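Inspection log for the structure reproduced underneath, given as structure tokens.
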Amino acid sequence: MGLKVCHLVLSLILMDLSKWVNGAEQVPCYFIFGDSLWDNGNNNALSTKAKANYPPYGIDFPEGATGRFTNGRNMGDILAQLLGFENFIPSFAHASNAKDQEILRGVNYASGGAGIRNETARNNLGPVISMDMQLQNHQNTASRIAKILGNSKKSAAKHLSKCIYSVGIGNNDYINNYLLPQFYPTNSSYTPDQYATVLIQQYSRQLKTLYNFGARKVALFGLGLIGCTPGSIAMYGNGTSCVEYINNEVQMFNTMLVSLVDELNNNFQDTKFIYVNTSSVSSSIPATVINASPCCEVGNLTANNGVLTCIPSGTACPNRAEHIMWDAAHPTEAAYVMMAERSYKAQLPSDTYPIDIHHLAQLNLTN
């Protein structure tokens, strides 16, 4: 199964987002947790190979290479626009210099290479900001918000309960952990089903912590078709088609994540968790085959031990709106637009569960 997408969908890179929103912020704040699909500069100062603060990254972004792992806007940027925010959500790395009003509108904690497990990516890429660490950073933000609102925990809780939270994590627990037995013991310690189970168990604890920190409207993004990325095809496949055993392993996690959404919604009646079916959105695109190879120059994927990023100052393809993959692991801005649209307003019943982000934003939950 190859990656397929139609030119009409990819032309959404040029779309007018005003057709989706009325220009007003639909929620007062938006907090972002996740990995390199969401990172907007949190890894820039880390001694890690998981960085994107150099050309050709950001070739289509107004500020150039900011640490986003794509050519332009990433998933969090586009969702912020769809939610009506005039400005992009600032990274936690820059939050200390941000004005109080900026912090009240949200923070992006995402880190390239980050996983549910704390050891993920560390042995092969270097330090990253794991989900547990991102939650600690959010706790610091919540404390700052309470101070901004007059040292009132009640006011802070009321404010945070109205925010949208997106969490997209788990990809690296496969790409930079389970699939690299030369660096991590998980592959020999767990069957695929067992591994998905332990990941979901830890993720469940983390999401309950997020709830305790005030989150009430939470969008959980499932894992994508990891076996169809150029990196996986080069490292584990025959060089042309998707690696189905990897996609099957990832699907075990996604299936359990849907069940976790039901469990969390049953346990926390004042909260709504939703599931965004990233894998389905990526695979059920109209069938005009486009170039699924990396748009930027990448190194020798079989020898790079999980380093799937662009060569510094390497060339980029000129027809970026016709590519779905930017480097060996990350989508182009054009692909992000498509995925963000369908996450925000589901086009198929399978896109989101039980509701989409647009309806999540409209919910009036009692805190």
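We label chains A, B, ... in the order they appear in the structure tokens, count residues from 1 in each chain, and number ligands from 1 in the order shown.
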
Extract, using only C-alpha atoms, all DNA, RNA and protein residues at most 6 Å from segment 317-328 of chain A, discarding same-chain residues fewer than 2 positions from it, and format them as a ChimeraX atom specification.
/A:10,70,230-231,291-292,294-296,308-310,330-332,334-335

With DSSP run on the backbone, what are the strand (DSSP E or B) residues within segment 4-241 of chain A? I'd like them as a tab-separated table (two decimals) with all heavy atoms, in the first residue's frame.
```tsv
chain	number	residue	atom	x	y	z
A	4	LYS	N	-1.13	7.77	-0.82
A	4	LYS	CA	-1.89	8.35	-1.92
A	4	LYS	C	-2.58	9.63	-1.45
A	4	LYS	O	-3.04	9.74	-0.34
A	4	LYS	CB	-2.94	7.35	-2.41
A	4	LYS	CG	-2.32	6.04	-2.92
A	4	LYS	CD	-3.40	5.05	-3.34
A	4	LYS	CE	-2.77	3.78	-3.88
A	4	LYS	NZ	-3.79	2.81	-4.32
A	30	TYR	N	-5.04	27.29	24.33
A	30	TYR	CA	-4.74	26.04	23.65
A	30	TYR	C	-3.37	25.56	24.11
A	30	TYR	O	-2.37	26.27	23.95
A	30	TYR	CB	-4.78	26.26	22.13
A	30	TYR	CG	-4.38	25.07	21.28
A	30	TYR	CD1	-4.61	23.76	21.67
A	30	TYR	CD2	-3.77	25.28	20.03
A	30	TYR	CE1	-4.24	22.68	20.87
A	30	TYR	CE2	-3.41	24.21	19.22
A	30	TYR	CZ	-3.64	22.92	19.64
A	30	TYR	OH	-3.28	21.87	18.84
A	31	PHE	N	-3.32	24.37	24.70
A	31	PHE	CA	-2.07	23.78	25.17
A	31	PHE	C	-1.73	22.55	24.34
A	31	PHE	O	-2.60	21.73	24.05
A	31	PHE	CB	-2.18	23.41	26.65
A	31	PHE	CG	-2.29	24.61	27.55
A	31	PHE	CD1	-3.52	25.06	28.01
A	31	PHE	CD2	-1.14	25.30	27.94
A	31	PHE	CE1	-3.63	26.18	28.82
A	31	PHE	CE2	-1.23	26.42	28.76
A	31	PHE	CZ	-2.47	26.86	29.20
A	32	ILE	N	-0.46	22.43	23.97
A	32	ILE	CA	-0.01	21.41	23.03
A	32	ILE	C	1.06	20.53	23.66
A	32	ILE	O	2.07	21.04	24.17
A	32	ILE	CB	0.55	22.07	21.75
A	32	ILE	CG1	-0.52	22.95	21.09
A	32	ILE	CG2	1.08	21.02	20.78
A	32	ILE	CD1	0.02	23.88	20.02
A	33	PHE	N	0.83	19.22	23.63
A	33	PHE	CA	1.80	18.23	24.11
A	33	PHE	C	2.10	17.28	22.95
A	33	PHE	O	1.21	16.96	22.16
A	33	PHE	CB	1.24	17.43	25.28
A	33	PHE	CG	0.87	18.25	26.48
A	33	PHE	CD1	-0.32	18.97	26.52
A	33	PHE	CD2	1.72	18.29	27.59
A	33	PHE	CE1	-0.66	19.73	27.62
A	33	PHE	CE2	1.38	19.05	28.71
A	33	PHE	CZ	0.19	19.77	28.72
A	34	GLY	N	3.34	16.80	22.85
A	34	GLY	CA	3.60	15.86	21.78
A	34	GLY	C	5.05	15.73	21.39
A	34	GLY	O	5.97	16.00	22.18
A	91	SER	N	6.29	28.40	22.21
A	91	SER	CA	6.93	27.23	22.77
A	91	SER	C	7.22	27.46	24.25
A	91	SER	O	7.39	28.60	24.69
A	91	SER	CB	8.24	26.92	22.04
A	91	SER	OG	9.18	27.97	22.27
A	108	ASN	N	3.06	25.63	24.03
A	108	ASN	CA	3.39	24.40	23.31
A	108	ASN	C	4.59	23.74	24.01
A	108	ASN	O	5.67	24.32	24.07
A	108	ASN	CB	3.75	24.73	21.85
A	108	ASN	CG	4.01	23.50	21.01
A	108	ASN	OD1	4.42	22.46	21.50
A	108	ASN	ND2	3.80	23.61	19.71
A	164	ILE	N	-8.52	24.12	25.03
A	164	ILE	CA	-8.32	22.89	24.28
A	164	ILE	C	-6.91	22.38	24.56
A	164	ILE	O	-5.95	23.15	24.58
A	164	ILE	CB	-8.49	23.12	22.76
A	164	ILE	CG1	-9.96	23.39	22.42
A	164	ILE	CG2	-7.99	21.91	21.96
A	164	ILE	CD1	-10.87	22.19	22.51
A	165	TYR	N	-6.80	21.08	24.78
A	165	TYR	CA	-5.51	20.42	24.95
A	165	TYR	C	-5.38	19.38	23.84
A	165	TYR	O	-6.28	18.55	23.66
A	165	TYR	CB	-5.42	19.70	26.30
A	165	TYR	CG	-5.47	20.60	27.51
A	165	TYR	CD1	-6.65	21.22	27.90
A	165	TYR	CD2	-4.33	20.82	28.27
A	165	TYR	CE1	-6.71	22.05	29.01
A	165	TYR	CE2	-4.37	21.66	29.39
A	165	TYR	CZ	-5.56	22.27	29.75
A	165	TYR	OH	-5.60	23.09	30.84
A	166	SER	N	-4.30	19.43	23.10
A	166	SER	CA	-4.04	18.36	22.13
A	166	SER	C	-2.80	17.60	22.57
A	166	SER	O	-1.81	18.21	23.00
A	166	SER	CB	-3.87	18.91	20.71
A	166	SER	OG	-2.73	19.73	20.60
A	167	VAL	N	-2.88	16.28	22.47
A	167	VAL	CA	-1.76	15.42	22.86
A	167	VAL	C	-1.50	14.45	21.71
A	167	VAL	O	-2.36	13.63	21.37
A	167	VAL	CB	-2.07	14.63	24.15
A	167	VAL	CG1	-0.80	13.92	24.64
A	167	VAL	CG2	-2.62	15.55	25.24
A	168	GLY	N	-0.33	14.56	21.13
A	168	GLY	CA	0.06	13.65	20.06
A	168	GLY	C	1.39	13.02	20.37
A	168	GLY	O	2.44	13.60	20.09
A	217	LYS	N	-10.89	19.54	28.23
A	217	LYS	CA	-11.21	19.32	26.82
A	217	LYS	C	-9.94	18.85	26.11
A	217	LYS	O	-9.07	19.65	25.79
A	217	LYS	CB	-11.72	20.61	26.16
A	217	LYS	CG	-13.00	21.16	26.76
A	217	LYS	CD	-13.43	22.43	26.02
A	217	LYS	CE	-14.75	22.97	26.56
A	217	LYS	NZ	-15.21	24.15	25.78
A	218	VAL	N	-9.85	17.53	25.90
A	218	VAL	CA	-8.58	16.94	25.48
A	218	VAL	C	-8.75	16.13	24.19
A	218	VAL	O	-9.57	15.21	24.13
A	218	VAL	CB	-8.01	16.02	26.58
A	218	VAL	CG1	-6.60	15.56	26.20
A	218	VAL	CG2	-8.00	16.74	27.93
A	219	ALA	N	-7.95	16.47	23.18
A	219	ALA	CA	-7.93	15.73	21.91
A	219	ALA	C	-6.69	14.87	21.86
A	219	ALA	O	-5.57	15.38	21.91
A	219	ALA	CB	-7.95	16.70	20.73
A	220	LEU	N	-6.88	13.55	21.80
A	220	LEU	CA	-5.77	12.59	21.75
A	220	LEU	C	-5.59	12.13	20.31
A	220	LEU	O	-6.51	11.59	19.70
A	220	LEU	CB	-6.07	11.39	22.64
A	220	LEU	CG	-6.39	11.70	24.11
A	220	LEU	CD1	-6.67	10.40	24.86
A	220	LEU	CD2	-5.26	12.48	24.77
A	221	PHE	N	-4.41	12.36	19.77
A	221	PHE	CA	-4.13	12.00	18.38
A	221	PHE	C	-3.52	10.60	18.33
A	221	PHE	O	-2.49	10.34	18.97
A	221	PHE	CB	-3.19	13.02	17.74
A	221	PHE	CG	-3.89	14.29	17.34
A	221	PHE	CD1	-4.29	15.19	18.31
A	221	PHE	CD2	-4.16	14.56	16.01
A	221	PHE	CE1	-4.96	16.36	17.96
A	221	PHE	CE2	-4.82	15.71	15.65
A	221	PHE	CZ	-5.22	16.62	16.62
```

Which residues are close to segment 52-57 of chain A, i.e. within 9 Å by only C-alpha atoms, leaving aside same-chain residues fewer than 6 positions away? Reply as a PyMOL selection string.
chain A and resi 41+43-44+64-72+112+296+309-316+326

Residues from the last selection, N, CA, C and O atoms, saved as a PDB file, in the first residue's frame:
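Output file selection-v7.pdb follows:
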```pdb
ATOM      1  N   GLY A  41      10.089  24.466  18.525  1.00  0.00           N
ATOM      2  CA  GLY A  41      11.346  25.067  18.957  1.00  0.00           C
ATOM      3  C   GLY A  41      11.828  24.662  20.327  1.00  0.00           C
ATOM      4  O   GLY A  41      12.860  25.156  20.797  1.00  0.00           O
ATOM      5  N   ASN A  43      13.265  21.982  21.275  1.00  0.00           N
ATOM      6  CA  ASN A  43      14.510  21.220  21.260  1.00  0.00           C
ATOM      7  C   ASN A  43      15.719  22.047  20.843  1.00  0.00           C
ATOM      8  O   ASN A  43      16.845  21.543  20.868  1.00  0.00           O
ATOM      9  N   ASN A  44      15.519  23.290  20.463  1.00  0.00           N
ATOM     10  CA  ASN A  44      16.604  24.067  19.863  1.00  0.00           C
ATOM     11  C   ASN A  44      17.834  24.183  20.743  1.00  0.00           C
ATOM     12  O   ASN A  44      18.970  24.166  20.241  1.00  0.00           O
ATOM     13  N   GLY A  64      11.404  31.532   9.005  1.00  0.00           N
ATOM     14  CA  GLY A  64      12.467  30.609   8.624  1.00  0.00           C
ATOM     15  C   GLY A  64      12.524  29.389   9.522  1.00  0.00           C
ATOM     16  O   GLY A  64      11.499  28.899   9.992  1.00  0.00           O
ATOM     17  N   ALA A  65      13.739  28.885   9.763  1.00  0.00           N
ATOM     18  CA  ALA A  65      13.925  27.663  10.558  1.00  0.00           C
ATOM     19  C   ALA A  65      13.791  27.985  12.039  1.00  0.00           C
ATOM     20  O   ALA A  65      14.679  28.583  12.645  1.00  0.00           O
ATOM     21  N   THR A  66      12.672  27.570  12.632  1.00  0.00           N
ATOM     22  CA  THR A  66      12.360  27.879  14.031  1.00  0.00           C
ATOM     23  C   THR A  66      12.455  26.664  14.944  1.00  0.00           C
ATOM     24  O   THR A  66      12.331  26.805  16.162  1.00  0.00           O
ATOM     25  N   GLY A  67      12.650  25.479  14.364  1.00  0.00           N
ATOM     26  CA  GLY A  67      12.606  24.254  15.144  1.00  0.00           C
ATOM     27  C   GLY A  67      11.425  23.389  14.787  1.00  0.00           C
ATOM     28  O   GLY A  67      11.261  22.295  15.353  1.00  0.00           O
ATOM     29  N   ARG A  68      10.593  23.851  13.858  1.00  0.00           N
ATOM     30  CA  ARG A  68       9.487  23.031  13.355  1.00  0.00           C
ATOM     31  C   ARG A  68      10.035  22.025  12.351  1.00  0.00           C
ATOM     32  O   ARG A  68      10.792  22.396  11.451  1.00  0.00           O
ATOM     33  N   PHE A  69       9.599  20.762  12.477  1.00  0.00           N
ATOM     34  CA  PHE A  69      10.139  19.686  11.652  1.00  0.00           C
ATOM     35  C   PHE A  69       9.376  19.570  10.329  1.00  0.00           C
ATOM     36  O   PHE A  69       8.874  18.512   9.970  1.00  0.00           O
ATOM     37  N   THR A  70       9.295  20.670   9.602  1.00  0.00           N
ATOM     38  CA  THR A  70       8.586  20.684   8.323  1.00  0.00           C
ATOM     39  C   THR A  70       9.000  21.922   7.550  1.00  0.00           C
ATOM     40  O   THR A  70       9.825  22.718   8.024  1.00  0.00           O
ATOM     41  N   ASN A  71       8.412  22.117   6.385  1.00  0.00           N
ATOM     42  CA  ASN A  71       8.774  23.264   5.555  1.00  0.00           C
ATOM     43  C   ASN A  71       8.046  24.541   5.964  1.00  0.00           C
ATOM     44  O   ASN A  71       8.497  25.636   5.641  1.00  0.00           O
ATOM     45  N   GLY A  72       6.915  24.422   6.656  1.00  0.00           N
ATOM     46  CA  GLY A  72       6.135  25.592   7.035  1.00  0.00           C
ATOM     47  C   GLY A  72       5.496  25.427   8.392  1.00  0.00           C
ATOM     48  O   GLY A  72       6.167  25.148   9.384  1.00  0.00           O
ATOM     49  N   GLY A 112      10.614  17.170  19.793  1.00  0.00           N
ATOM     50  CA  GLY A 112      10.997  16.163  18.818  1.00  0.00           C
ATOM     51  C   GLY A 112      11.688  14.987  19.483  1.00  0.00           C
ATOM     52  O   GLY A 112      12.601  15.166  20.288  1.00  0.00           O
ATOM     53  N   CYS A 296      13.075  16.965   1.127  1.00  0.00           N
ATOM     54  CA  CYS A 296      14.427  17.480   1.372  1.00  0.00           C
ATOM     55  C   CYS A 296      15.436  16.345   1.284  1.00  0.00           C
ATOM     56  O   CYS A 296      15.076  15.168   1.307  1.00  0.00           O
ATOM     57  N   THR A 309      16.109  13.215   9.706  1.00  0.00           N
ATOM     58  CA  THR A 309      15.914  14.617   9.370  1.00  0.00           C
ATOM     59  C   THR A 309      16.700  15.040   8.122  1.00  0.00           C
ATOM     60  O   THR A 309      17.518  14.291   7.596  1.00  0.00           O
ATOM     61  N   CYS A 310      16.437  16.276   7.673  1.00  0.00           N
ATOM     62  CA  CYS A 310      17.088  16.815   6.476  1.00  0.00           C
ATOM     63  C   CYS A 310      18.569  17.071   6.728  1.00  0.00           C
ATOM     64  O   CYS A 310      18.986  17.411   7.848  1.00  0.00           O
ATOM     65  N   ILE A 311      19.367  16.946   5.678  1.00  0.00           N
ATOM     66  CA  ILE A 311      20.772  17.343   5.738  1.00  0.00           C
ATOM     67  C   ILE A 311      20.840  18.862   5.872  1.00  0.00           C
ATOM     68  O   ILE A 311      20.164  19.581   5.137  1.00  0.00           O
ATOM     69  N   PRO A 312      21.625  19.384   6.827  1.00  0.00           N
ATOM     70  CA  PRO A 312      21.704  20.840   6.996  1.00  0.00           C
ATOM     71  C   PRO A 312      22.063  21.555   5.698  1.00  0.00           C
ATOM     72  O   PRO A 312      22.997  21.174   4.991  1.00  0.00           O
ATOM     73  N   SER A 313      21.280  22.579   5.388  1.00  0.00           N
ATOM     74  CA  SER A 313      21.453  23.413   4.189  1.00  0.00           C
ATOM     75  C   SER A 313      21.349  22.627   2.890  1.00  0.00           C
ATOM     76  O   SER A 313      21.809  23.086   1.838  1.00  0.00           O
ATOM     77  N   GLY A 314      20.730  21.443   2.952  1.00  0.00           N
ATOM     78  CA  GLY A 314      20.506  20.652   1.744  1.00  0.00           C
ATOM     79  C   GLY A 314      19.400  21.260   0.900  1.00  0.00           C
ATOM     80  O   GLY A 314      18.706  22.200   1.310  1.00  0.00           O
ATOM     81  N   THR A 315      19.231  20.712  -0.287  1.00  0.00           N
ATOM     82  CA  THR A 315      18.215  21.238  -1.195  1.00  0.00           C
ATOM     83  C   THR A 315      16.832  20.723  -0.819  1.00  0.00           C
ATOM     84  O   THR A 315      16.682  19.705  -0.149  1.00  0.00           O
ATOM     85  N   ALA A 316      15.817  21.443  -1.264  1.00  0.00           N
ATOM     86  CA  ALA A 316      14.415  21.044  -1.064  1.00  0.00           C
ATOM     87  C   ALA A 316      13.727  21.022  -2.417  1.00  0.00           C
ATOM     88  O   ALA A 316      14.048  21.815  -3.304  1.00  0.00           O
ATOM     89  N   TRP A 326       7.938  15.586   4.057  1.00  0.00           N
ATOM     90  CA  TRP A 326       8.977  16.612   3.994  1.00  0.00           C
ATOM     91  C   TRP A 326      10.360  15.981   4.116  1.00  0.00           C
ATOM     92  O   TRP A 326      11.219  16.161   3.261  1.00  0.00           O
TER      93      TRP A 326
END
```

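The closest residue to Ala80 of chain A, picked from A:Ile226, A:Leu179, A:Val337, A:Leu207 and counting only C-alpha atoms, is A:Val337.
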
Kindly indicate which residue among A:Cys228, A:Arg144, A:Leu180, A:Asn137 lies nearest to Leu210 of chain A, using only C-alpha atoms for the distances.
A:Asn137

Could you jot down the atom CA of Ser47 of chain A to atom CA of Thr186 of chain A separation for me, Å, one decimal place?
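Pair atom CA of Ser47 of chain A / atom CA of Thr186 of chain A returns 24.4 Å.
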
Could you name the residues that touch Pro181 of chain A at 12 Å or less, counting only C-alpha atoms, but leaving out those on the same chain fewer than 4 positions away, as a PDB file with N, CA and C atoms, in the first residue's frame?
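What landed in out02.pdb:
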```
ATOM      1  N   THR A 120      12.733   6.818  25.750  1.00  0.00           N
ATOM      2  CA  THR A 120      12.563   6.885  24.302  1.00  0.00           C
ATOM      3  C   THR A 120      13.421   7.988  23.684  1.00  0.00           C
ATOM      4  N   ASN A 123      18.796   7.160  23.923  1.00  0.00           N
ATOM      5  CA  ASN A 123      20.003   6.373  23.645  1.00  0.00           C
ATOM      6  C   ASN A 123      20.544   6.580  22.241  1.00  0.00           C
ATOM      7  N   ASN A 124      19.683   6.919  21.306  1.00  0.00           N
ATOM      8  CA  ASN A 124      20.144   7.079  19.917  1.00  0.00           C
ATOM      9  C   ASN A 124      20.157   8.520  19.433  1.00  0.00           C
ATOM     10  N   TYR A 174       7.805   3.811  19.236  1.00  0.00           N
ATOM     11  CA  TYR A 174       8.065   2.783  18.221  1.00  0.00           C
ATOM     12  C   TYR A 174       9.309   3.141  17.408  1.00  0.00           C
ATOM     13  N   ILE A 175       9.310   4.310  16.759  1.00  0.00           N
ATOM     14  CA  ILE A 175      10.394   4.693  15.854  1.00  0.00           C
ATOM     15  C   ILE A 175      11.735   4.748  16.567  1.00  0.00           C
ATOM     16  N   ASN A 176      11.761   5.344  17.741  1.00  0.00           N
ATOM     17  CA  ASN A 176      13.008   5.548  18.478  1.00  0.00           C
ATOM     18  C   ASN A 176      13.034   4.781  19.795  1.00  0.00           C
ATOM     19  N   ASN A 177      12.491   3.559  19.744  1.00  0.00           N
ATOM     20  CA  ASN A 177      12.548   2.679  20.907  1.00  0.00           C
ATOM     21  C   ASN A 177      12.328   1.238  20.453  1.00  0.00           C
ATOM     22  N   PRO A 185      15.872  -2.347  25.004  1.00  0.00           N
ATOM     23  CA  PRO A 185      15.507  -3.748  25.267  1.00  0.00           C
ATOM     24  C   PRO A 185      14.026  -4.060  25.103  1.00  0.00           C
ATOM     25  N   THR A 186      13.198  -3.061  24.790  1.00  0.00           N
ATOM     26  CA  THR A 186      11.746  -3.269  24.792  1.00  0.00           C
ATOM     27  C   THR A 186      11.306  -4.334  23.791  1.00  0.00           C
ATOM     28  N   ASN A 187      11.973  -4.396  22.628  1.00  0.00           N
ATOM     29  CA  ASN A 187      11.565  -5.340  21.597  1.00  0.00           C
ATOM     30  C   ASN A 187      11.722  -6.784  22.049  1.00  0.00           C
ATOM     31  N   SER A 188      12.747  -7.043  22.837  1.00  0.00           N
ATOM     32  CA  SER A 188      12.971  -8.396  23.335  1.00  0.00           C
ATOM     33  C   SER A 188      12.228  -8.662  24.637  1.00  0.00           C
ATOM     34  N   SER A 189      11.753  -7.603  25.279  1.00  0.00           N
ATOM     35  CA  SER A 189      11.054  -7.742  26.561  1.00  0.00           C
ATOM     36  C   SER A 189       9.544  -7.904  26.402  1.00  0.00           C
ATOM     37  N   TYR A 190       8.986  -7.363  25.296  1.00  0.00           N
ATOM     38  CA  TYR A 190       7.538  -7.362  25.112  1.00  0.00           C
ATOM     39  C   TYR A 190       7.164  -7.830  23.709  1.00  0.00           C
ATOM     40  N   ASN A 305      20.626   5.278  12.393  1.00  0.00           N
ATOM     41  CA  ASN A 305      20.128   4.906  13.721  1.00  0.00           C
ATOM     42  C   ASN A 305      18.979   5.800  14.200  1.00  0.00           C
ATOM     43  N   GLY A 306      18.019   6.031  13.302  1.00  0.00           N
ATOM     44  CA  GLY A 306      16.839   6.780  13.692  1.00  0.00           C
ATOM     45  C   GLY A 306      16.897   8.262  13.401  1.00  0.00           C
TER      46      GLY A 306
END
```

Name the residues of segment 115-345 of chain A that come out as alpha helix (DSSP H) in a backbone DSSP run; write them as number ranges by chain.
A: 122-125, 131-148, 153-161, 172-173, 186-189, 192-212, 230-236, 244-267, 278-283, 333-344

Report as an MDAnalysis selection string all protein, DNA and RNA residues lying within 6 Å of segment 343-354 of chain A, evaluated on only C-alpha atoms, omitting residues in the same chain fewer than 5 positions from it.
chainID A and resid 274:277

Restricted to C-alpha atoms, what would the selected residues look like written as a compact mmCIF listing (two decimals), in the first residue's frame?
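Printed below is part-v1.txt as written:
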```
# COMPACT_ATOMS: atom_id res chain seq x y z
CA ILE A 274 -11.72 12.64 22.03
CA TYR A 275 -9.69 10.44 19.67
CA VAL A 276 -8.35 11.71 16.35
CA ASN A 277 -7.78 8.83 13.94
```

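Residue nearest Ile89 of chain A within the list A:Asn248, A:Ser130, A:Gln101, A:Thr191: A:Gln101 [criterion: smallest interatomic distance, only C-alpha atoms].
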
Could you tell me which of A:Arg122, A:Ala50, A:His358, A:Gly113 comes closest to Ala340 of chain A if we count only C-alpha atoms?
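Result for the nearest residue to Ala340 of chain A: A:His358.
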
Restricting the calculation to only C-alpha atoms, which member of A:Ala156, A:Ile103, A:Ile246, A:Ala93 is positioned closest to Ala215 of chain A?
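Between A:Ala156, A:Ile103, A:Ile246, A:Ala93, the residue approaching Ala215 of chain A most closely is A:Ala156.
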
Neighbouring residues of Met252 of chain A were defined as those with any atom within 10 Å, considering only C-alpha atoms; residues of the same chain fewer than 3 positions away were excluded. Please report them as a list of chain:residue names.
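Within the cut-off, the hits are A:Pro192, A:Asp193, A:Gln194, A:Tyr195, A:Ala196, A:Thr197, A:Asn247, A:Asn248, A:Glu249, A:Thr255, A:Met256, A:Leu257.
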
Atom CA of Asn212 of chain A and atom CA of Leu260 of chain A are how many Å apart?
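Interatomic distance, atom CA of Asn212 of chain A to atom CA of Leu260 of chain A: 16.8 Å.
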
Applying 10 Å and only C-alpha atoms, which residues near Ser259 of chain A remain after dropping the ones on its own chain fewer than 5 positions away? List them as a CSV table (one decimal) with C-alpha atoms, in the first residue's frame.
```csv
chain,number,residue,atom,x,y,z
A,200,ILE,CA,-1.4,2.7,27.2
A,254,ASN,CA,-4.6,2.9,18.5
A,264,LEU,CA,-11.6,8.3,30.7
A,275,TYR,CA,-9.7,10.4,19.7
```
